[in-house]
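Novice: Contents of coords-v5.cif (mmCIF, C-alpha atoms) are given next:
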data_model
loop_
_atom_site.label_atom_id
_atom_site.label_comp_id
_atom_site.auth_asym_id
_atom_site.auth_seq_id
_atom_site.Cartn_x
_atom_site.Cartn_y
_atom_site.Cartn_z
CA MET A 10 108.77 51.06 89.11
CA ALA A 11 105.92 49.77 86.94
CA GLN A 12 104.27 52.34 84.70
CA LYS A 13 100.77 53.36 85.74
CA ARG A 14 97.97 52.19 83.51
CA ASP A 15 95.57 54.64 81.92
CA TYR A 16 92.65 55.27 84.30
CA TYR A 17 90.06 54.81 81.56
CA GLU A 18 91.67 51.49 80.66
CA VAL A 19 91.64 50.39 84.31
CA LEU A 20 87.85 50.84 84.48
CA GLY A 21 87.22 49.67 80.92
CA VAL A 22 85.46 52.84 79.76
CA ASP A 23 85.98 55.37 76.96
CA ARG A 24 87.03 58.97 77.55
CA ASN A 25 83.50 60.34 77.04
CA VAL A 26 81.97 58.23 79.81
CA ASP A 27 79.41 60.00 82.00
CA LYS A 28 79.31 59.71 85.79
CA ALA A 29 76.52 57.15 85.92
CA GLN A 30 78.36 54.81 83.53
CA LEU A 31 81.62 55.48 85.37
CA LYS A 32 80.11 54.43 88.70
CA LYS A 33 78.65 51.29 87.16
CA ALA A 34 82.01 50.37 85.59
CA TYR A 35 83.88 50.97 88.85
CA ARG A 36 81.42 48.84 90.81
CA LYS A 37 81.90 45.99 88.34
CA VAL A 38 85.72 46.10 88.56
CA ALA A 39 85.72 46.62 92.34
CA MET A 40 83.44 43.66 92.91
CA LYS A 41 85.59 41.48 90.65
CA TYR A 42 88.73 42.19 92.66
CA HIS A 43 87.07 42.66 96.06
CA PRO A 44 89.36 41.24 98.82
CA ASP A 45 86.58 39.05 100.17
CA ARG A 46 86.24 37.38 96.77
CA ASN A 47 90.01 37.05 96.44
CA PRO A 48 91.40 36.18 99.87
CA ASP A 49 95.20 36.19 100.19
CA ASN A 50 95.59 37.44 96.61
CA PRO A 51 97.96 40.44 96.56
CA GLU A 52 97.52 40.95 92.80
CA ALA A 53 93.72 41.25 93.15
CA GLU A 54 94.17 43.63 96.07
CA GLU A 55 96.42 45.90 93.99
CA LYS A 56 93.90 45.92 91.15
CA PHE A 57 91.16 46.73 93.67
CA LYS A 58 93.20 49.74 94.87
CA GLU A 59 94.06 50.70 91.28
CA ALA A 60 90.35 50.82 90.38
CA ALA A 61 89.62 52.97 93.44
CA GLU A 62 92.37 55.41 92.45
CA ALA A 63 91.04 55.64 88.88
CA TYR A 64 87.47 56.25 90.04
CA GLU A 65 88.53 58.83 92.64
CA VAL A 66 90.17 60.92 89.89
CA LEU A 67 87.69 60.46 87.04
CA ASN A 68 84.66 61.06 89.25
CA ASP A 69 86.01 64.51 90.23
CA ASP A 70 85.46 67.06 87.41
CA GLN A 71 88.54 69.15 88.24
CA LYS A 72 90.88 66.18 88.67
CA ARG A 73 89.51 64.55 85.54
CA ALA A 74 90.14 67.70 83.47
CA ALA A 75 93.72 67.85 84.78
CA TYR A 76 94.24 64.14 84.04
CA ASP A 77 92.84 64.46 80.50
CA ARG A 78 95.28 67.30 79.82
CA TYR A 79 98.44 66.22 81.63
CA GLY A 80 98.01 62.51 82.33
CA HIS A 81 99.14 61.05 85.67
CA ALA A 82 101.46 64.00 86.30
CA GLY A 83 98.44 66.32 86.22
CA VAL A 84 96.82 64.76 89.29
CA ASN A 85 100.04 64.19 91.26
CA GLN A 86 99.07 60.76 92.43
CA GLY A 87 101.08 58.54 94.71
CA ALA A 88 101.46 60.77 97.78
CA GLY A 89 98.83 59.81 100.30
CA PRO A 90 95.23 58.86 99.55
CA GLY A 91 94.62 59.12 95.84
CA GLY A 92 97.57 57.01 94.67
CA ALA A 93 97.35 53.24 94.66
CA GLY A 94 100.24 53.15 97.10
CA GLY A 95 98.52 55.65 99.40
CA PHE A 96 95.00 54.24 99.33
CA SER A 97 94.39 51.92 102.28
CA MET A 98 91.44 49.57 102.47
CA GLU A 99 89.98 51.88 105.11
CA ASP A 100 90.24 54.83 102.72
CA ILE A 101 88.48 52.92 99.96
CA PHE A 102 85.62 51.46 101.97
CA SER A 103 84.95 54.72 103.83
CA GLN A 104 85.26 57.02 100.82
CA PHE A 105 83.14 54.87 98.51
CA SER A 106 80.70 53.37 100.99
CA ASP A 107 77.82 54.14 98.60
CA ILE A 108 79.44 51.84 96.05
CA PHE A 109 79.82 48.96 98.50
CA GLY A 110 76.43 49.47 100.14
CA GLY A 111 77.51 49.94 103.73
CA GLY A 112 77.99 52.53 106.41
CA GLY A 113 81.72 52.51 105.92
CA GLY A 114 82.23 48.88 104.94
CA GLY A 115 82.50 47.44 108.45
CA GLY A 116 80.64 44.43 109.86
CA PHE A 117 79.11 42.79 106.78
CA ASP A 118 79.88 43.70 103.20
CA PHE A 119 78.01 43.54 99.89
CA PHE A 120 78.37 39.74 99.75
CA GLY A 121 77.02 39.11 103.25
CA GLN A 122 80.46 37.97 104.43
CA GLN A 123 81.97 39.22 107.62
CA GLN A 124 84.90 41.53 107.06
CA GLY A 125 86.40 41.45 110.51
CA GLY A 126 86.35 45.25 110.59
CA ARG A 127 88.15 45.88 107.30
CA GLY A 128 87.57 49.39 106.03
CA ARG A 129 85.55 50.37 109.06
CA ARG A 130 85.55 54.03 110.04
CA ALA A 131 85.73 55.18 113.60
CA ALA A 132 82.23 55.83 114.84
CA GLY A 133 81.38 59.51 114.94
CA GLY A 134 78.70 62.12 114.53
CA GLN A 135 77.53 63.92 111.43
CA LYS A 136 80.16 65.40 109.14
CA GLY A 137 80.19 69.18 108.77
CA SER A 138 79.36 70.86 105.48
CA ASN A 139 81.93 72.33 103.11
CA LEU A 140 82.58 76.06 102.99
CA ARG A 141 83.29 78.04 99.83
CA ILE A 142 85.23 81.32 99.75
CA ARG A 143 86.72 83.57 97.06
CA VAL A 144 90.27 84.86 97.15
CA GLY A 145 91.40 87.69 94.86
CA LEU A 146 95.01 87.66 93.66
CA THR A 147 97.17 90.06 91.66
CA LEU A 148 99.33 88.78 88.83
CA GLU A 149 102.39 89.42 91.01
CA GLU A 150 100.94 87.12 93.71
CA ILE A 151 100.10 84.50 91.10
CA ALA A 152 103.66 84.68 89.78
CA LYS A 153 105.28 84.01 93.17
CA GLY A 154 102.56 82.24 95.13
CA ALA A 155 100.89 83.90 98.10
CA LYS A 156 100.15 83.46 101.77
CA LYS A 157 96.84 84.90 102.91
CA LYS A 158 95.46 85.21 106.42
CA ILE A 159 91.67 85.34 106.42
CA LYS A 160 88.88 85.25 108.96
CA VAL A 161 86.09 82.78 108.23
CA LYS A 162 82.71 82.72 109.95
CA LYS A 163 81.65 79.12 110.39
CA TYR A 164 80.65 76.40 112.83
CA VAL A 165 83.52 75.57 115.20
CA ASN A 166 83.91 72.95 117.91
CA CYS A 167 82.16 73.94 121.12
CA GLN A 168 84.77 75.10 123.63
CA SER A 169 82.71 73.97 126.60
CA CYS A 170 82.31 70.31 125.67
CA GLY A 171 85.16 69.88 123.17
CA GLY A 172 82.70 68.89 120.47
CA SER A 173 81.11 65.95 122.29
CA GLY A 174 77.76 67.68 122.86
CA ALA A 175 77.62 66.34 126.44
CA LYS A 176 77.51 68.33 129.67
CA ASP A 177 80.43 66.30 131.07
CA SER A 178 82.12 62.93 130.59
CA SER A 179 79.67 61.19 132.89
CA SER A 180 76.82 62.26 130.57
CA ILE A 181 78.10 60.06 127.72
CA LYS A 182 76.86 56.45 127.63
CA THR A 183 77.30 53.61 125.19
CA CYS A 184 74.42 53.41 122.71
CA SER A 185 72.18 50.45 123.49
CA GLY A 186 71.03 50.11 119.89
CA CYS A 187 74.45 49.26 118.44
CA ASN A 188 76.44 48.50 121.62
CA GLY A 189 78.79 51.34 120.80
CA SER A 190 79.75 50.20 117.27
CA GLY A 191 77.83 53.01 115.53
CA TYR A 192 76.43 50.53 112.99
CA VAL A 193 73.67 47.97 112.80
CA ARG A 194 73.27 45.10 110.39
CA LYS A 195 70.54 45.30 107.78
CA VAL A 196 69.31 42.27 105.86
CA GLN A 197 67.56 42.69 102.50
CA ASN A 198 65.90 40.06 100.31
CA THR A 199 66.82 40.44 96.62
CA PHE A 200 66.56 38.24 93.55
CA LEU A 201 70.17 37.21 94.32
CA GLY A 202 69.16 36.08 97.78
CA GLN A 203 69.72 37.74 101.13
CA MET A 204 72.15 40.62 101.18
CA GLN A 205 73.57 41.90 104.42
CA THR A 206 74.92 45.42 104.79
CA THR A 207 75.74 47.74 107.64
CA VAL A 208 74.10 51.10 108.13
CA ALA A 209 74.55 53.89 110.64
CA CYS A 210 72.67 53.20 113.84
CA PRO A 211 69.45 55.25 113.75
CA GLN A 212 69.47 55.57 117.53
CA CYS A 213 72.82 57.38 117.81
CA ASN A 214 73.31 58.46 114.16
CA GLY A 215 76.50 56.44 113.97
CA SER A 216 78.22 57.99 116.99
CA GLY A 217 78.03 54.82 119.12
CA LYS A 218 77.14 56.99 122.10
CA SER A 219 74.06 58.41 123.74
CA ILE A 220 74.04 61.65 125.71
CA THR A 221 72.05 61.74 128.94
CA SER A 222 72.67 65.44 129.64
CA LYS A 223 73.42 67.94 126.85
CA CYS A 224 76.01 70.71 126.89
CA THR A 225 74.28 73.99 127.71
CA SER A 226 76.53 76.04 125.40
CA CYS A 227 75.84 74.16 122.17
CA LYS A 228 72.55 72.43 123.14
CA GLY A 229 74.08 69.03 122.43
CA GLU A 230 75.30 69.75 118.87
CA GLY A 231 78.97 69.81 119.78
CA ARG A 232 79.54 73.02 117.82
CA THR A 233 78.77 76.73 117.93
CA TYR A 234 78.78 79.46 115.30
CA GLY A 235 81.95 81.49 115.49
CA GLU A 236 85.00 82.70 113.62
CA GLU A 237 88.38 81.17 112.81
CA THR A 238 91.51 82.75 111.37
CA LEU A 239 93.06 80.59 108.65
CA GLU A 240 96.35 80.84 106.81
CA LEU A 241 96.08 79.97 103.12
CA GLU A 242 99.06 79.02 101.01
CA ILE A 243 98.25 79.66 97.34
CA PRO A 244 100.70 77.99 94.93
CA ALA A 245 102.23 79.96 92.07
CA GLY A 246 100.56 79.62 88.67
CA VAL A 247 96.90 79.41 89.68
CA SER A 248 94.29 80.94 87.38
CA GLU A 249 90.82 82.50 87.39
CA GLY A 250 88.08 80.05 88.36
CA MET A 251 90.44 77.41 89.75
CA GLN A 252 89.32 75.74 92.97
CA LEU A 253 91.67 74.69 95.76
CA SER A 254 90.63 72.85 98.91
CA MET A 255 91.78 72.60 102.52
CA SER A 256 90.70 69.34 104.11
CA GLY A 257 88.94 69.65 107.47
CA LYS A 258 88.75 73.45 107.45
CA GLY A 259 85.04 73.73 106.70
CA ASN A 260 82.17 73.67 109.19
CA SER A 261 82.73 71.50 112.27
CA GLY A 262 80.65 68.34 112.41
CA MET A 263 77.88 67.61 114.88
CA ASN A 264 78.39 65.40 117.94
CA GLY A 265 82.11 65.03 117.31
CA GLY A 266 81.77 64.31 113.57
CA PRO A 267 84.59 65.32 111.19
CA ALA A 268 84.72 68.83 109.77
CA GLY A 269 83.94 69.58 106.13
CA ASP A 270 86.42 71.09 103.69
CA LEU A 271 87.20 74.68 102.78
CA LEU A 272 86.86 75.27 99.02
CA ILE A 273 88.86 78.25 97.73
CA ASN A 274 87.82 79.80 94.41
CA ILE A 275 90.56 81.86 92.76
CA GLN A 276 89.79 85.27 91.26
CA GLU A 277 92.34 87.31 89.30
CA LYS A 278 92.41 91.03 89.93
CA GLU A 279 92.57 93.18 86.81
CA HIS A 280 96.09 94.53 86.27
CA GLU A 281 96.72 98.11 85.20
CA LEU A 282 99.65 97.18 82.94
CA PHE A 283 99.43 93.52 81.93
CA ALA A 284 96.89 91.21 80.32
CA ARG A 285 97.15 87.45 80.89
CA ASP A 286 96.99 84.82 78.15
CA GLY A 287 97.57 81.41 79.70
CA ASN A 288 101.04 81.60 81.22
CA ASN A 289 102.06 84.48 78.94
CA ILE A 290 101.46 88.13 79.76
CA HIS A 291 101.03 91.00 77.28
CA TYR A 292 102.25 94.56 77.68
CA GLU A 293 101.66 97.53 75.33
CA LEU A 294 104.68 99.84 74.95
CA ASP A 295 104.00 103.34 73.65
CA VAL A 296 107.00 104.69 71.68
CA ASN A 297 107.27 108.02 69.88
CA PHE A 298 107.89 108.10 66.15
CA ALA A 299 111.43 109.50 66.43
CA ASP A 300 112.58 106.68 68.71
CA LEU A 301 111.19 104.10 66.32
CA VAL A 302 113.07 105.63 63.41
CA LEU A 303 116.35 106.23 65.25
CA GLY A 304 116.26 103.33 67.67
CA THR A 305 116.39 103.57 71.46
CA ALA A 306 116.66 101.66 74.73
CA VAL A 307 113.66 101.73 77.09
CA GLU A 308 112.86 100.34 80.51
CA VAL A 309 109.92 97.95 80.53
CA PRO A 310 108.07 96.77 83.66
CA THR A 311 107.76 93.04 84.33
CA LEU A 312 106.18 91.08 87.17
CA THR A 313 109.57 90.91 88.90
CA GLY A 314 110.92 94.42 88.20
CA LYS A 315 112.05 96.58 85.31
CA VAL A 316 114.26 95.37 82.47
CA LYS A 317 115.94 97.29 79.63
CA VAL A 318 114.82 96.52 76.08
CA THR A 319 116.62 97.79 72.96
CA LEU A 320 114.48 98.87 70.03
CA PRO A 321 116.60 98.82 66.86
CA ALA A 322 116.44 101.69 64.36
CA GLY A 323 113.52 101.28 61.98
CA THR A 324 111.29 99.39 64.42
CA GLU A 325 107.74 99.39 63.11
CA GLY A 326 104.58 99.91 65.09
CA GLY A 327 102.93 96.60 65.85
CA LYS A 328 106.20 94.70 66.26
CA VAL A 329 106.19 92.24 69.17
CA PHE A 330 109.23 91.56 71.34
CA ARG A 331 109.38 88.49 73.55
CA LEU A 332 110.96 88.38 77.02
CA ARG A 333 111.40 84.67 77.64
CA GLY A 334 110.62 83.40 81.12
CA LYS A 335 109.10 86.70 82.26
CA GLY A 336 105.54 85.39 82.28
CA LEU A 337 103.77 83.17 84.82
CA PRO A 338 104.95 79.77 86.04
CA SER A 339 103.05 76.60 85.25
CA LEU A 340 101.02 75.40 88.21
CA ARG A 341 102.42 71.91 87.72
CA GLY A 342 106.01 73.02 87.37
CA TYR A 343 106.39 72.62 83.61
CA GLY A 344 108.23 75.75 82.54
CA GLN A 345 107.52 79.47 82.60
CA GLY A 346 105.51 81.71 80.31
CA ASP A 347 106.86 84.75 78.44
CA GLN A 348 106.14 88.47 78.42
CA LEU A 349 105.13 89.81 75.00
CA ILE A 350 105.79 93.50 74.37
CA HIS A 351 103.56 95.07 71.72
CA VAL A 352 105.06 98.24 70.24
CA LYS A 353 102.56 101.06 69.68
CA VAL A 354 103.30 104.35 67.94
CA TRP A 355 102.57 107.25 70.27
CA VAL A 356 100.68 109.94 68.37
CA PRO A 357 100.56 113.30 70.20
CA GLN A 358 97.21 115.08 70.14
CA ASN A 359 98.60 118.61 70.58
CA ILE A 360 101.73 119.94 68.85
CA SER A 361 103.41 123.34 68.63
CA SER A 362 103.67 125.36 65.44
CA GLU A 363 107.40 124.61 65.27
CA GLU A 364 106.74 120.87 65.54
CA ARG A 365 104.07 121.16 62.87
CA ARG A 366 106.49 122.82 60.42
CA ALA A 367 109.11 120.12 61.08
CA LEU A 368 106.58 117.36 60.47
CA GLU A 369 105.29 118.98 57.28
CA LYS A 370 108.85 119.22 56.01
CA MET A 371 109.45 115.53 56.77
CA ARG A 372 106.17 114.54 55.16
CA ASP A 373 107.41 115.85 51.82
CA SER A 374 110.74 114.00 52.13
CA LYS A 375 111.06 110.95 49.90
CA ASN A 376 112.19 108.79 52.87
CA PHE A 377 108.82 109.31 54.53
CA ILE A 378 106.74 108.31 51.49
CA PRO A 379 105.50 104.69 51.85
CA ASN A 380 107.36 102.59 49.33
CA ALA A 381 106.31 98.99 48.71
CA LYS A 382 109.63 98.18 47.01
CA GLU A 383 111.65 99.52 49.91
CA LYS A 384 109.58 97.44 52.28
CA GLY A 385 111.09 94.44 50.52
CA GLY A 386 111.48 91.57 52.97
CA ARG A 387 109.76 93.28 55.89
CA LYS A 388 107.19 91.06 57.46
CA GLY A 389 103.53 91.94 57.35
CA PHE A 390 101.02 91.79 60.19
CA LEU A 391 100.10 88.12 59.70
CA ASP A 392 103.76 87.13 59.47
CA ARG A 393 104.48 88.88 62.76
CA LEU A 394 101.59 87.06 64.41
CA ARG A 395 102.99 83.75 63.22
CA ASP A 396 106.40 84.65 64.69
CA VAL A 397 104.86 85.45 68.07
CA PHE A 398 102.45 82.54 68.38
CA GLY A 399 104.38 79.92 66.43
CA GLY A 400 101.89 79.38 63.61
CA ASN A 401 102.67 77.89 60.21
#
Would you put the structure from the file into structure tokens?
Specialist:
Amino acid sequence: MAQKRDYYEVLGVDRNVDKAQLKKAYRKVAMKYHPDRNPDNPEAEEKFKEAAEAYEVLNDDQKRAAYDRYGHAGVNQGAGPGGAGGFSMEDIFSQFSDIFGGGGGGGFDFFGQQQGGRGRRAAGGQKGSNLRIRVGLTLEEIAKGAKKKIKVKKYVNCQSCGGSGAKDSSSIKTCSGCNGSGYVRKVQNTFLGQMQTTVACPQCNGSGKSITSKCTSCKGEGRTYGEETLELEIPAGVSEGMQLSMSGKGNSGMNGGPAGDLLINIQEKEHELFARDGNNIHYELDVNFADLVLGTAVEVPTLTGKVKVTLPAGTEGGKVFRLRGKGLPSLRGYGQGDQLIHVKVWVPQNISSEERRALEKMRDSKNFIPNAKEKGGRKGFLDRLRDVFGGN
């Protein structure tokens, strides 16, 4: 399998390109390899699809950030629309109709040449708007992934007319303005000569149909305001502020148009025990002075249950122990974070007279007097930080 080219290289732009320049660059490459300019040229067709894939990723802020960080693996291309192998001509012309100057690319294209229907979308009504919701997750849910069942108030297809907007099937006629195609040809005079494009029929708004008698339930819109129960599957490893999407789960469209998308914003719930740092989690362990001096074994909570940790005799306050693989998984499947245990000396606020006498006796003992020479090779605070975070 041939190695994918860098998306920025495909479009001939640098990594700091803004969206306006990106669109201009994509248009230039797409027009160069447009199938109507390169008939029966499989290589040009593949480059045309490759450019569409690159633009689809780089024009989306979230996908672009993932690509800049992880490369092609970060955007998981190749499975369905979005990979060059998954992008069909219909996907490209319909998704980027603003680039090619048409109402979906059917009829007549940017060059005034007939396409024979290539890239043409099925005629339909107005697309529904996207919906945005917030979903709160605990660290435990983020660690394992979560299934959530939620109720969403939104526009749904009218039950009476099935979304058509018509009173009955006999109330739907073919639009006389476009003869049912949903599009009409538009000719413009430019300095390059006449340019022919297709636009949505103004008479039927691209549906290809006219309604003689409207549905009484939805007043001809094809949708009503209601509620739908949705099941969300949240993958493991998501983080605060991340946005997921469910295609076609937004507001229903008008007059049989496609539904918008449901955009899911992730919120992390504050945890009573752990603090997150990327895929690592931090936990503060309070240990009494005697256990630090003598050594002990303690049970420590993790996201998947308790584990036993041995503190050797002479453990100092501030020492950090690492439990490998006990953190959060990477969203893209590249390894698992760790749990870092920060040892804190527990200092009691109230002590008995007997405890006071014992402490005063120990305070005068030579073993309890700080001794720089005895410290010898013990690591200081900065050294311990370097051990934990891998600094030089």
Novice: Record the distance separating atom CA of A:Arg365 and atom CA of A:Val352, expressed in Å with one decimal.
Specialist: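 Straight-line distance from atom CA of A:Arg365 to atom CA of A:Val352 works out to 24.1 Å.
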Novice: Just so the selection is clear, what residues does the PyMOL selection byres ((chain A and resi 324) around 12) cover here, as a list in words?
Specialist: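 Given this file, the PyMOL selection byres ((chain A and resi 324) around 12) evaluates to Val296, Asn297, Phe298, Ala299, Asp300, Leu301, Val302, Leu303, Gly304, Thr305, Ala306, Thr319, Leu320, Pro321, Ala322, Gly323, Glu325, Gly326, Gly327, Lys328, Val329, Phe330, His351, Val352, Lys353, Val354, Arg387 and Lys388 of chain A.
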Novice: If the PyMOL selection byres ((chain A and resi 237) around 8) were run on this exact file, what residues would it hold? Put them as a list of chain:residue names.
Specialist: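 Checked against the file, the PyMOL selection byres ((chain A and resi 237) around 8) matches A:Lys160, A:Val161, A:Lys162, A:Lys163, A:Val165, A:Gly235, A:Glu236, A:Thr238, A:Leu239.
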Novice: Need the shell around A:Arg333: protein/DNA/RNA residues with any atom at most 9 Å away, counting only C-alpha atoms. Skip same-chain ones fewer than 5 positions apart. Format as number ranges by chain?
Specialist: A: 345-349
Novice: Evaluate the PyMOL selection byres ((chain A and resi 177-194) around 6) against this structure - the residues, as JSON, numbers by chain, please.
Specialist: {"A": [132, 175, 176, 195, 206, 207, 208, 209, 210, 215, 216, 217, 218, 219, 220, 221, 222]}
